[in-house]
Amino acid sequence: MAPSLSYKLSAVLSGHSSDARALAAQGNDLLVSGSHDGTGRIWKREGPNEFAQDNVLVGHKGAVRVVTIVPPTTDSPNGLVATGGADNVICLWDPTDFAQPAMKLTGHSGSISALAASCDGKTIVSGSWDSTAKVWVDGVCTHTLVGHQHTVWAVLVLDDGSVITGSADKSICLWVNGQIKQTFSGHTDCVRALALLPGGNRFASASNDTTVRIWSMDGKCQAVLHGHSSFIYALSVLPDGAIVSGGEDRTARVWRDGKLAHTIFVPSTSVWDIAALDNGDIACGTSDGLVRIFTRDKARAASAGDAVHFAEANAAFMMSKKTIQDFHPSMVRERDQLSSPGETNEQVIFVRSGSFVEVYQWEQDSGKWIQVGQVSDAAGQAAKKKFDGKEYDYVFDVDIQEGAPPLKLPFNATENPYTAAQKFLEKNGLSLEHLDTVADFITKNADGVTLGDSQQQSYADPFTGGSRYVPNQAANSSGAAGGYGDPFTGGNRYVPSGGGGGSASTDYVPPSEYVLSKQGNVSAIIKKLTEFNFLIAQDAAASPMAFEDAQMQSIKSMEALSDASFVVTEDMYKSLLHAALKWPKDKRFPALDLLRLVIVFSRLPALSQPEGKSLVECVGEAAGIFELPPNALAKQDEINLMMGVRALSNAFATKEGGDLVWADHAKIIEALEDSWMKTTNKNLVTAVSNLYLNLAIAATKKNDDDGGLNILSAASRFLNVTNSADAQLRLVNVFGVLSTKFQLCKDSARILGDTTIVILGINGGSDAVKDAAKQVGTFLSA
């Protein structure tokens, strides 16, 4: 079977709860990953397009930043897995017993940022934020390589025992017996990755300057590869000698003979690491916590469902024009361009679509243009701030110490917070030990926008382009994000709405406004409905359920839904319900997504009773809310349920809709009981917790303490088991909302959740959770 001309998705490895920062591969069937969630994970192949998690490595106090596989030796006949963490420690793991590290290597005074092992397995080299590299032989440090001025981001071990290092000081050094023998100069920004090329006499380097360079061992740069439009974080080499790079422009790129051969887009802001498998497949660790494997072998291609899910997430991914190299409005073409074939395989074009620009890539195999993203300016700020001659969405004042002038921290909403944090620290000569602190500070205080990294922790929602809702009103009301706390001093340089990030206060003010999900790309939703309608019409068994022409026209007319003057008609609503209720389950989610938005912008769904069914009955039936299976949810059920729960939350946008949901709140809570235990979909978990928060607020407005107690009981069971920071924040606020209104709920909250809330005040999933839990806990104990 001839290989595909382009790389296609093969498998998705889901398990990490934060960025998949590190990858290593052994053969065709084993991968090791490391994550900001503090774990390493072992993945083994179970089929042509399927990997399963085999072990979880828990041994670091903090993020696992790098991993490598150490070949077998006489002393370690099974080889070793090495992980390096933010705790400055290297853990060595025996593959026969992953219960605890077989050995720990200590000596660095900063986070471990690079690891490599020699081919004979006897030598390990580490790089660190302490600006040194260390050579370890049989667990003993034989050399500390001192010479770089900043973090050592990359290391290589050559067959003769010499070492190559790449650093944030822009230099690359070749070391022999602990001494610098050769310096390689040419990169104009941090060197982030190194890879040895076949033959052993050349290597590749990658940099924040967006280039890949090819070097001979005598210090000569033989080629400079241009193509990436942002930082490059990772390099690997395929069995045929091709170079693979990945970085901040959400792509993995394959280079052959000095030319760009393939570009793979992923629905995530960053490709943090890359590992090449022996069969030529490419594994990518990304900022949404997933590891994705891509292949050109059709026998290993992903299932049709996974491929569609991936394509939809890619198409909906929102990117800034600033991340596209040399982007200019003149590059944007009209939609009729999509009817003409591409000039070359994987050619990328930009096509105008309303207020957005869509990105398409030509796929020679299928002869189609495939949408791989959307382009728009950063959201959430009406006016840009200027700093150093450039425009930014935010420019924060950061106090380093009392009496010293504040430093400026610029940030754009589509940047990775870690990237902005790193640039800030390096520019101001500050220790990279503060990287997580500053990144968390940015994430918490860049309020009201979808951050490029933190919003893509799992597959992006179809059509909306986002992974989770940022609860501005709830966060501000609870004091979690009212102003910004300085990441170094803990003080507030500027507090726009009172409150701050300091100690908990007994003056807890609960959120009082409903949290609604109003964001959505209506054009993309209608486009998907049109596509599904065509597929249904082609299916002999399902064709009677396809839209009639008038129904399809009604759906298309809703493209102006968000316009203040637009009126949803009965025909439009009935057409939408037809798709939501009658179409096959795997085709319903765009109808449910559009229904979610219609409920926000129109009273009609709450007032209408088609076939005698209320809004709650229609949404419940379409999403399967009242017929959940006893065990784990299938993927299509997760998506439908998520959309349905969001629709019920949005019903509180109108008094009539809120009254309907409240009337059935006991039935809804009973139906959703334990739903959070049947899924790993973070967006679904967040949606359910958001509905509970809205129900709690409704209970206070209805002055119904019995109803509030029912909600509180369900929320306590949910809160005791969830590790989702978004869900924790909402559920803690459920306790706060109900306890401040009803003495009965306050007394019950002390019994049901006092211990949990105290624990969350210490170990909550985010600073916002900790702050809210401290405030609610203080109120409950008062």
# chains A, B, ... in the order shown; residues from 1 in each chain; ligands from 1
>>> residues_around(residues="Asp54 (chain A)", least_positions_apart="3", cutoff="8 Å", atoms="only C-alpha atoms", output="list in words")
Arg41, Ile42, Trp43 and Lys44 of chain A
>>> write_last_selection(atoms="N, CA and C atoms", output="mmCIF file, in the first residue's frame")
data_model
loop_
_atom_site.group_PDB
_atom_site.id
_atom_site.type_symbol
_atom_site.label_atom_id
_atom_site.label_comp_id
_atom_site.auth_asym_id
_atom_site.auth_seq_id
_atom_site.Cartn_x
_atom_site.Cartn_y
_atom_site.Cartn_z
ATOM 1 N N ARG A 41 4.380 9.342 32.089
ATOM 2 C CA ARG A 41 3.455 8.261 31.730
ATOM 3 C C ARG A 41 4.070 7.370 30.663
ATOM 4 N N ILE A 42 3.802 6.068 30.799
ATOM 5 C CA ILE A 42 4.277 5.076 29.843
ATOM 6 C C ILE A 42 3.090 4.639 28.992
ATOM 7 N N TRP A 43 3.269 4.679 27.688
ATOM 8 C CA TRP A 43 2.200 4.312 26.754
ATOM 9 C C TRP A 43 2.684 3.155 25.888
ATOM 10 N N LYS A 44 1.834 2.128 25.726
ATOM 11 C CA LYS A 44 2.192 0.985 24.887
ATOM 12 C C LYS A 44 1.131 0.766 23.819
#
>>> closest_residue(among="A:Pro198, A:Pro417, A:Gly736, A:Gly707", to="Val509 (chain A)", atoms="only C-alpha atoms")
A:Gly736
>>> residues_around(residues="region 721-734 of chain A", least_positions_apart="5", cutoff="6 Å", atoms="only C-alpha atoms", output="ChimeraX atom specification")
/A:686,689,693,696,765-766,769
>>> residues_around(residues="Leu660 (chain A)", least_positions_apart="2", cutoff="12 Å", atoms="only C-alpha atoms", output="number ranges by chain")
A: 603, 605-609, 613-619, 648-658, 662-668, 695, 698
>>> write_last_selection(atoms="N, CA and C atoms", output="CSV table (one decimal), in the first residue's frame")
chain,number,residue,atom,x,y,z
A,603,ARG,N,-36.4,34.6,23.6
A,603,ARG,CA,-37.4,34.0,24.6
A,603,ARG,C,-38.2,32.9,24.0
A,605,PRO,N,-37.7,29.9,22.7
A,605,PRO,CA,-37.6,28.5,23.2
A,605,PRO,C,-38.3,28.2,24.5
A,606,ALA,N,-38.3,29.2,25.4
A,606,ALA,CA,-38.9,29.1,26.7
A,606,ALA,C,-40.4,29.2,26.6
A,607,LEU,N,-40.9,29.9,25.6
A,607,LEU,CA,-42.4,30.1,25.5
A,607,LEU,C,-43.0,29.1,24.6
A,608,SER,N,-42.3,28.5,23.7
A,608,SER,CA,-42.9,27.6,22.7
A,608,SER,C,-42.9,26.1,23.3
A,609,GLN,N,-43.9,25.4,22.9
A,609,GLN,CA,-44.0,24.0,23.4
A,609,GLN,C,-44.4,23.1,22.2
A,613,LYS,N,-44.0,19.7,24.3
A,613,LYS,CA,-42.8,19.5,25.1
A,613,LYS,C,-42.2,20.8,25.5
A,614,SER,N,-41.8,20.9,26.8
A,614,SER,CA,-41.2,22.1,27.3
A,614,SER,C,-39.7,22.2,26.8
A,615,LEU,N,-39.1,23.4,27.1
A,615,LEU,CA,-37.7,23.5,26.7
A,615,LEU,C,-36.8,22.5,27.4
A,616,VAL,N,-37.1,22.2,28.7
A,616,VAL,CA,-36.3,21.3,29.4
A,616,VAL,C,-36.5,19.9,28.8
A,617,GLU,N,-37.7,19.5,28.4
A,617,GLU,CA,-37.9,18.2,27.9
A,617,GLU,C,-37.3,18.1,26.5
A,618,CYS,N,-37.3,19.1,25.7
A,618,CYS,CA,-36.7,19.1,24.4
A,618,CYS,C,-35.2,18.9,24.5
A,619,VAL,N,-34.5,19.8,25.3
A,619,VAL,CA,-33.1,19.7,25.5
A,619,VAL,C,-32.7,18.3,26.1
A,648,LEU,N,-29.2,24.2,29.1
A,648,LEU,CA,-29.9,24.4,30.3
A,648,LEU,C,-29.4,25.6,31.1
A,649,SER,N,-28.1,25.7,31.2
A,649,SER,CA,-27.5,26.8,31.9
A,649,SER,C,-27.9,28.2,31.3
A,650,ASN,N,-27.9,28.2,30.0
A,650,ASN,CA,-28.2,29.4,29.3
A,650,ASN,C,-29.7,29.8,29.4
A,651,ALA,N,-30.5,28.8,29.7
A,651,ALA,CA,-31.9,29.1,29.9
A,651,ALA,C,-32.1,30.2,30.9
A,652,PHE,N,-31.2,30.4,31.9
A,652,PHE,CA,-31.3,31.5,32.9
A,652,PHE,C,-31.1,32.8,32.3
A,653,ALA,N,-30.8,32.9,31.0
A,653,ALA,CA,-30.7,34.2,30.3
A,653,ALA,C,-32.0,35.0,30.3
A,654,THR,N,-33.1,34.2,30.3
A,654,THR,CA,-34.5,34.8,30.4
A,654,THR,C,-35.2,34.3,31.6
A,655,LYS,N,-36.1,35.2,32.1
A,655,LYS,CA,-36.9,34.8,33.3
A,655,LYS,C,-37.7,33.5,33.0
A,656,GLU,N,-38.3,33.5,31.8
A,656,GLU,CA,-39.2,32.3,31.4
A,656,GLU,C,-38.4,31.0,31.3
A,657,GLY,N,-37.2,31.1,30.7
A,657,GLY,CA,-36.3,29.9,30.6
A,657,GLY,C,-35.8,29.5,32.0
A,658,GLY,N,-35.4,30.5,32.8
A,658,GLY,CA,-35.0,30.1,34.2
A,658,GLY,C,-36.1,29.5,35.0
A,662,TRP,N,-35.8,25.8,36.7
A,662,TRP,CA,-36.0,25.7,38.1
A,662,TRP,C,-37.1,24.8,38.5
A,663,ALA,N,-38.1,24.8,37.7
A,663,ALA,CA,-39.3,23.9,38.0
A,663,ALA,C,-38.9,22.4,38.0
A,664,ASP,N,-37.9,22.1,37.1
A,664,ASP,CA,-37.4,20.7,37.0
A,664,ASP,C,-36.1,20.5,37.6
A,665,HIS,N,-35.6,21.4,38.5
A,665,HIS,CA,-34.2,21.3,38.9
A,665,HIS,C,-34.0,20.0,39.7
A,666,ALA,N,-34.9,19.5,40.5
A,666,ALA,CA,-34.7,18.3,41.2
A,666,ALA,C,-34.5,17.1,40.2
A,667,LYS,N,-35.3,17.1,39.2
A,667,LYS,CA,-35.2,16.0,38.2
A,667,LYS,C,-33.9,16.1,37.4
A,668,ILE,N,-33.4,17.3,37.1
A,668,ILE,CA,-32.2,17.5,36.4
A,668,ILE,C,-31.0,17.1,37.3
A,695,LEU,N,-28.0,27.1,39.2
A,695,LEU,CA,-29.1,26.6,40.0
A,695,LEU,C,-29.0,27.2,41.4
A,698,ALA,N,-30.1,30.6,41.3
A,698,ALA,CA,-31.6,30.6,41.1
A,698,ALA,C,-32.3,30.4,42.5
>>> atom_distance(atom1="CA of Thr123 (chain A)", atom2="CA of Asp160 (chain A)")
11.1 Å
>>> closest_residue(among="A:Ala302, A:Leu409, A:Val688, A:Ala206", to="Asp397 (chain A)", atoms="only C-alpha atoms")
A:Leu409
>>> closest_residue(among="A:Gly79, A:Ser366, A:Pro101, A:Glu334", to="Val56 (chain A)", atoms="only C-alpha atoms")
A:Pro101
>>> residues_around(residues="Lys386 (chain A)", least_positions_apart="4", cutoff="12 Å", atoms="only C-alpha atoms", output="ChimeraX atom specification")
/A:390-396,408-412
>>> write_last_selection(atoms="N, CA, C and O atoms", output="compact mmCIF listing (two decimals), in the first residue's frame")
# COMPACT_ATOMS: atom_id res chain seq x y z
N LYS A 390 5.83 48.37 20.44
CA LYS A 390 4.92 47.33 19.96
C LYS A 390 3.59 47.42 20.70
O LYS A 390 3.52 47.96 21.81
N GLU A 391 2.54 46.87 20.08
CA GLU A 391 1.22 46.88 20.70
C GLU A 391 0.94 45.57 21.40
O GLU A 391 1.26 44.49 20.88
N TYR A 392 0.33 45.64 22.58
CA TYR A 392 -0.01 44.46 23.37
C TYR A 392 -1.43 44.60 23.91
O TYR A 392 -1.95 45.71 24.10
N ASP A 393 -2.04 43.46 24.21
CA ASP A 393 -3.35 43.47 24.86
C ASP A 393 -3.24 43.92 26.31
O ASP A 393 -4.14 44.55 26.85
N TYR A 394 -2.13 43.55 26.95
CA TYR A 394 -1.91 43.89 28.35
C TYR A 394 -0.47 44.32 28.56
O TYR A 394 0.44 43.78 27.94
N VAL A 395 -0.28 45.28 29.44
CA VAL A 395 1.06 45.60 29.95
C VAL A 395 0.91 45.74 31.46
O VAL A 395 0.37 46.74 31.96
N PHE A 396 1.36 44.72 32.20
CA PHE A 396 1.23 44.71 33.65
C PHE A 396 2.42 45.40 34.31
O PHE A 396 3.54 45.32 33.81
N LYS A 408 7.79 46.22 33.54
CA LYS A 408 6.66 46.06 32.63
C LYS A 408 6.64 44.64 32.08
O LYS A 408 7.64 44.12 31.60
N LEU A 409 5.46 44.03 32.15
CA LEU A 409 5.27 42.68 31.64
C LEU A 409 4.23 42.74 30.52
O LEU A 409 3.02 42.79 30.78
N PRO A 410 4.66 42.76 29.25
CA PRO A 410 3.71 42.83 28.14
C PRO A 410 3.17 41.45 27.78
O PRO A 410 3.87 40.44 27.90
N PHE A 411 1.93 41.41 27.32
CA PHE A 411 1.31 40.12 26.99
C PHE A 411 0.20 40.31 25.97
O PHE A 411 -0.61 41.23 26.08
N ASN A 412 0.16 39.43 24.97
CA ASN A 412 -0.94 39.37 24.00
C ASN A 412 -1.80 38.15 24.27
O ASN A 412 -1.29 37.08 24.64
>>> closest_residue(among="A:Ile264, A:Leu535, A:Ala580, A:Ala22", to="Gly289 (chain A)", atoms="only C-alpha atoms")
A:Ala22
>>> residues_around(residues="region 545-558 of chain A", least_positions_apart="6", cutoff="12 Å", atoms="only C-alpha atoms", output="ChimeraX atom specification")
/A:521-539,565-584,587-588,590-591,594-595,597-598,601-602
>>> atom_distance(atom1="CA of Thr151 (chain A)", atom2="CA of Asp138 (chain A)")
24.7 Å
>>> select_by_dssp(residues="region 263-293 of chain A", states="strand (DSSP E or B)", output="list in words")
Thr263, Ile264, Phe265, Val271, Trp272, Asp273, Ile274, Ala275, Ala276, Ile282, Ala283, Cys284, Gly285, Thr286, Val291, Arg292 and Ile293 of chain A
>>> write_last_selection(atoms="C-alpha atoms", output="PDB file, in the first residue's frame")
ATOM      1  CA  THR A 263       3.436  20.771   7.752  1.00  0.00           C
ATOM      2  CA  ILE A 264       1.186  19.190  10.379  1.00  0.00           C
ATOM      3  CA  PHE A 265      -1.278  21.493  12.174  1.00  0.00           C
ATOM      4  CA  VAL A 271       3.959  21.656  20.131  1.00  0.00           C
ATOM      5  CA  TRP A 272       6.247  21.242  23.117  1.00  0.00           C
ATOM      6  CA  ASP A 273       8.108  18.085  22.124  1.00  0.00           C
ATOM      7  CA  ILE A 274       8.438  15.588  19.290  1.00  0.00           C
ATOM      8  CA  ALA A 275       9.522  11.960  19.156  1.00  0.00           C
ATOM      9  CA  ALA A 276      10.125   9.957  15.986  1.00  0.00           C
ATOM     10  CA  ILE A 282       5.668  11.293  14.508  1.00  0.00           C
ATOM     11  CA  ALA A 283       4.508  11.811  18.108  1.00  0.00           C
ATOM     12  CA  CYS A 284       3.770  15.345  19.318  1.00  0.00           C
ATOM     13  CA  GLY A 285       3.312  16.479  22.923  1.00  0.00           C
ATOM     14  CA  THR A 286       1.142  19.590  23.030  1.00  0.00           C
ATOM     15  CA  VAL A 291       0.048  13.314  22.808  1.00  0.00           C
ATOM     16  CA  ARG A 292      -0.892  12.894  19.161  1.00  0.00           C
ATOM     17  CA  ILE A 293       0.714  10.465  16.731  1.00  0.00           C
TER      18      ILE A 293
END
>>> residues_around(residues="Leu115 (chain A)", least_positions_apart="3", cutoff="10 Å", atoms="only C-alpha atoms", output="PyMOL selection string")
chain A and resi 65-69+82-84+90+112+124-128+133-134+153-157
>>> atom_distance(atom1="CA of Ser781 (chain A)", atom2="CA of Gln743 (chain A)")
12.7 Å
>>> closest_residue(among="A:Ile599, A:Ala782, A:Ala540, A:Val357", to="Ala316 (chain A)", atoms="only C-alpha atoms")
A:Val357
>>> closest_residue(among="A:Val737, A:Val163, A:Ala234, A:Ala714", to="Arg21 (chain A)", atoms="only C-alpha atoms")
A:Ala234
>>> select_by_dssp(residues="region 225-399 of chain A", states="alpha helix (DSSP H)", output="VMD selection string")
chain A and resid 304 to 316
>>> write_last_selection(atoms="all heavy atoms", output="CSV table (one decimal), in the first residue's frame")
chain,number,residue,atom,x,y,z
A,304,ALA,N,-12.3,6.7,11.7
A,304,ALA,CA,-13.1,7.8,11.1
A,304,ALA,C,-13.6,8.8,12.1
A,304,ALA,O,-13.5,10.0,11.9
A,304,ALA,CB,-14.2,7.3,10.3
A,305,GLY,N,-14.1,8.3,13.2
A,305,GLY,CA,-14.6,9.2,14.3
A,305,GLY,C,-13.5,10.1,14.8
A,305,GLY,O,-13.7,11.3,15.0
A,306,ASP,N,-12.3,9.5,15.2
A,306,ASP,CA,-11.2,10.3,15.7
A,306,ASP,C,-10.7,11.3,14.7
A,306,ASP,O,-10.3,12.4,15.1
A,306,ASP,CB,-10.1,9.4,16.2
A,306,ASP,CG,-10.5,8.7,17.5
A,306,ASP,OD1,-11.4,9.1,18.2
A,306,ASP,OD2,-9.7,7.8,17.9
A,307,ALA,N,-10.7,10.9,13.4
A,307,ALA,CA,-10.2,11.8,12.4
A,307,ALA,C,-11.1,13.0,12.2
A,307,ALA,O,-10.6,14.1,12.1
A,307,ALA,CB,-10.1,11.0,11.1
A,308,VAL,N,-12.4,12.8,12.3
A,308,VAL,CA,-13.4,13.9,12.2
A,308,VAL,C,-13.3,14.8,13.4
A,308,VAL,O,-13.3,16.0,13.2
A,308,VAL,CB,-14.8,13.3,12.0
A,308,VAL,CG1,-15.8,14.4,12.2
A,308,VAL,CG2,-15.0,12.6,10.7
A,309,HIS,N,-13.2,14.2,14.5
A,309,HIS,CA,-13.0,15.0,15.8
A,309,HIS,C,-11.8,15.9,15.7
A,309,HIS,O,-11.8,17.1,16.0
A,309,HIS,CB,-12.9,14.1,17.0
A,309,HIS,CG,-13.1,14.8,18.3
A,309,HIS,ND1,-13.1,14.1,19.5
A,309,HIS,CD2,-13.2,16.1,18.6
A,309,HIS,CE1,-13.3,15.0,20.5
A,309,HIS,NE2,-13.3,16.2,20.0
A,310,PHE,N,-10.7,15.3,15.2
A,310,PHE,CA,-9.4,16.1,15.1
A,310,PHE,C,-9.6,17.2,14.0
A,310,PHE,O,-9.2,18.4,14.3
A,310,PHE,CB,-8.3,15.1,14.7
A,310,PHE,CG,-7.0,15.8,14.4
A,310,PHE,CD1,-6.2,16.3,15.4
A,310,PHE,CD2,-6.6,16.0,13.0
A,310,PHE,CE1,-5.0,17.0,15.1
A,310,PHE,CE2,-5.4,16.6,12.7
A,310,PHE,CZ,-4.6,17.1,13.7
A,311,ALA,N,-10.2,16.9,12.9
A,311,ALA,CA,-10.4,17.9,11.9
A,311,ALA,C,-11.3,19.0,12.3
A,311,ALA,O,-11.0,20.2,12.0
A,311,ALA,CB,-11.0,17.2,10.6
A,312,GLU,N,-12.3,18.7,13.1
A,312,GLU,CA,-13.2,19.8,13.6
A,312,GLU,C,-12.5,20.7,14.6
A,312,GLU,O,-12.6,21.9,14.5
A,312,GLU,CB,-14.4,19.2,14.2
A,312,GLU,CG,-15.4,18.5,13.2
A,312,GLU,CD,-16.5,17.7,13.9
A,312,GLU,OE1,-16.3,17.4,15.1
A,312,GLU,OE2,-17.5,17.4,13.2
A,313,ALA,N,-11.7,20.1,15.4
A,313,ALA,CA,-10.9,20.8,16.4
A,313,ALA,C,-9.9,21.7,15.7
A,313,ALA,O,-9.7,22.9,16.1
A,313,ALA,CB,-10.2,19.9,17.4
A,314,ASN,N,-9.3,21.2,14.7
A,314,ASN,CA,-8.3,22.0,13.9
A,314,ASN,C,-9.0,23.2,13.2
A,314,ASN,O,-8.5,24.3,13.3
A,314,ASN,CB,-7.6,21.1,12.9
A,314,ASN,CG,-6.1,21.0,13.1
A,314,ASN,OD1,-5.5,21.7,13.9
A,314,ASN,ND2,-5.5,20.1,12.4
A,315,ALA,N,-10.1,22.9,12.6
A,315,ALA,CA,-10.8,23.9,11.8
A,315,ALA,C,-11.3,25.0,12.8
A,315,ALA,O,-11.3,26.2,12.4
A,315,ALA,CB,-12.0,23.3,11.1
A,316,ALA,N,-11.7,24.7,14.0
A,316,ALA,CA,-12.2,25.7,14.9
A,316,ALA,C,-11.2,26.5,15.7
A,316,ALA,O,-11.5,27.4,16.3
A,316,ALA,CB,-13.2,25.0,15.9
